[in-house]
Each structure stands twice: as C-alpha cells, then as structure tokens.
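Beneath this line is the structure, given in structure tokens, with notes to follow.
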Amino acid sequence: MPKPTFTCPDLESFCLLGGLGLTVTGQQIHRDRAIMECRVTEDDPWCRNCGGEGIPRGTVVRKLAHLPLGWRPTTLWVRVRRYRCGDCVRVWRQDTTAAAEPRAKLSRHAVLWALKSVVIDRMSIARVAAALASAWHTVNDAVLAAGRQLLIEDPHRFEGVKVIGVDEHCWRHTGRGSHYVTVVIDLTPVKERTGPARLLDMVPGRSKAVFKTWLGAQSKDFREGIEVVAMDGFTGFKTATAEELPDAVAVMDPFHVVAVRHEALCVRMGVRDPCGLVVA
C-alpha cells in the first residue's frame with residue numbers, strides 16, 4: 001500500500017462503541033487497566049406511561065466490562081441520565097439496552113468476545129474473566145447465555161447435516177448426580193473436507209432412551225437427511241439409530257476401532273496395556 005489513506009482519529013470506532021449507542025467523553029489509561037467514560041447517544045425524554053416530556057434529574061453511572069484494548073481490561077463508565085415526568089411523576093433512565101442486557105455487567109461486544117475466545121481460541125473461562133477483570137461466574141453465565149442464544153437456539157444449525165457422531169462424556173467426577181452426558185457431533189464437514197466437526201447437542205445421561213428421545217425430537221427433514229451415524233460399540237446407540245434412522249448406516253468411529261483391536265491384541269498376548277493394567 002504505497003499511498004495509504006488516513007482518516008481523522010475516531011476513538012468510538014476504535015473502541016467499537018458506535019454500535020452500542022455510546023459516545024466517549026473521557027478516558028483514564030493505567031498500566032493495568034483502562035476506563036472509558038461514556039454517555040448514551042440518544043436522548044430518552046418521553047414518558048412511557050403518559051407520553052409527557054420528562055425533566056432531567058441528574059445522572060447515574062453504569063459500569064460495564066468491555067473487550068480488552070491494548071491487552072488492558074477495559075471498563076465503560078456509562079453516565080445514564082435520569083428523567084421525571086412532570087405529569088404522572090414517573091421516573092426512568094435512558095435506554096442502554098443497545099450497550100448491554102438489562103442488569104448485565106458485560107457489554108454486548110464483551111460477551112461476543114468472551115464467547116469467541118472460549119469456542120474458537122479455546123481459552124478458559126478463568127483466562128477470559130481475567131482479561132475482562134470480571135468474576136468467573138459473571139463471565140461463565142454470560143458465555144452460556146450467549147452460546148445458547150446464538151448456537152443452541154439457532155434454527156439453522158441442523159441444516160445440511162448428513163453425518164453425525166454420538167458418544168458419552170463423563171463431566172461429573174463426584175459421587176452425586178448424573179456423571180455422563182450424550183454428545184452429538186456434526187461430522188459432515190469432516191467427511192466433505194470443508195472444515196472441522198461441530199457440536200450439535202449435549203444431553204444428560206447415556207442410554208438408548210436418551211439418544212432415541214433426542215433423535216425423535218428432531219425434525220423429519222433432519223432424520224431423513226442423516227446418512228451415517230458414527231459411534232462406539234455401545235449397542236444402545238446402535239439400536240436407537242436402527243429404530244429412528246432406518247436408512248442410516250451405523251459405523252464405529254476410528255478411535256474405538258483402534259481401541260477394540262488394541263484390547264483384543266492385549267488379551268491374546270496376555271500383556272499389560274499402555275495404562276499399566278492387565279487385560280484378562
């Protein structure tokens with residue numbers, strides 16, 4: 001780019017505040033954190049009750065964790081104007097739902113950044129929480145809610161699925177509650193060499209009934225589009241597949257093929273497996 005074109009500095013665009021309905025009025029840059037003082041761009045002077053014009057009654061500060069800028073945890077101090085209706089005496093504040101969910105502690109951009117960091121960059125919740133200078137539970141709840149809304153509740157995520165994989169996963173190692181979940185994976189991108197596998201769903205429990213119920217809850221188009229189901233040697237998954245997906249081919253995934261052959265070889269030779277256990 002021999003002759004780059006520059007525009008005037010725009011702090012709001014750089015900090016991704018334009019889409020949040022905020023404008024920057026001040027900043028504090030410290031070595032370990034940054035604070036951006038903001039105001040809501042749009043006034044909100046009309047009463048929701050009677051439609052009368054409100055009278056400004058000062059401001060309150062709403063603090064929101066924002067996505068980190070320059071590897072510094074960044075906090076938005078949003079000054080929200082309060083109004084009181086001169087007719088019905090109702091009190092309200094400027095609408096900040098464009099910046100964050102009601103009562104949320106993370107801005108909308110911070111939530112998306114946290115979700116991408118966990119799903120794509122494989123960062124831990126603890127690391128994301130440290131980058132946002134927020135509590136672990138605050139970030140975890142926000143990521144779960146955003147993931148459920150954008151991924152799990154996406155009506156288009158089951159489209160084009162032709163190959164699925166099913167397996168159980170032990171997620172609880174304590175002595176109480178259910179220890180296993182049934183994990184369903186979309187393997188279509190792997191078979192077609194268009195990308196990695198993606199998670200479709202996780203269902204509490206591991207049994208034929210769990211997988212059969214999950215398949216039965218899906219649409220007819222989804223069930224008819226499934227061509228192959230990869231699984232381990234559990235007969236419950238195979239029986240559920242045969243009953244709910246009669247036209248699909250049930251296969252054993254490569255990992256369990258190798259595991260079964262390895263176990264058979266250890267039994268035949270009477271040797272210990274790599275984990276140090278005697279196979280008999």
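Residue names in the structure tokens use chain letters A, B, ... in the order shown, residue numbers from 1 in each chain, and ligand numbers from 1 in the order shown.
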
Find the residues near Glu224 in chain A: any atom within 8 Å, counting only C-alpha atoms, skip ones fewer than 4 places away on the same chain, and give them as JSON, numbers by chain.
-> {"A": [220, 245, 247]}

Using only C-alpha atoms, which residues sit within 9 Å of Arg84 in chain A once same-chain residues fewer than 2 positions away are excluded, as a PyMOL selection string?
-> chain A and resi 45+47+53-57+82+86-93

Identify, on the basis of only C-alpha atoms, every residue whose closest approach to Val143 in chain A does not exceed 12 Å; exclude the query and any residue fewer than 5 positions from it along the same chain; express the result as a PyMOL selection string.
-> chain A and resi 106+108-119+124-125+128-129+136-138+148-151

Can you list, as an MDAnalysis selection string, every protein, DNA or RNA residue that comes within 12 Å of Ala230 in chain A when you count only C-alpha atoms, leaving out same-chain residues fewer than 6 positions away?
-> chainID A and resid 162:167 183:188 191 237:238 241 248:257

Atom pair CA of Thr7 in chain A + CA of Gly21 in chain A, distance 21.6 Å
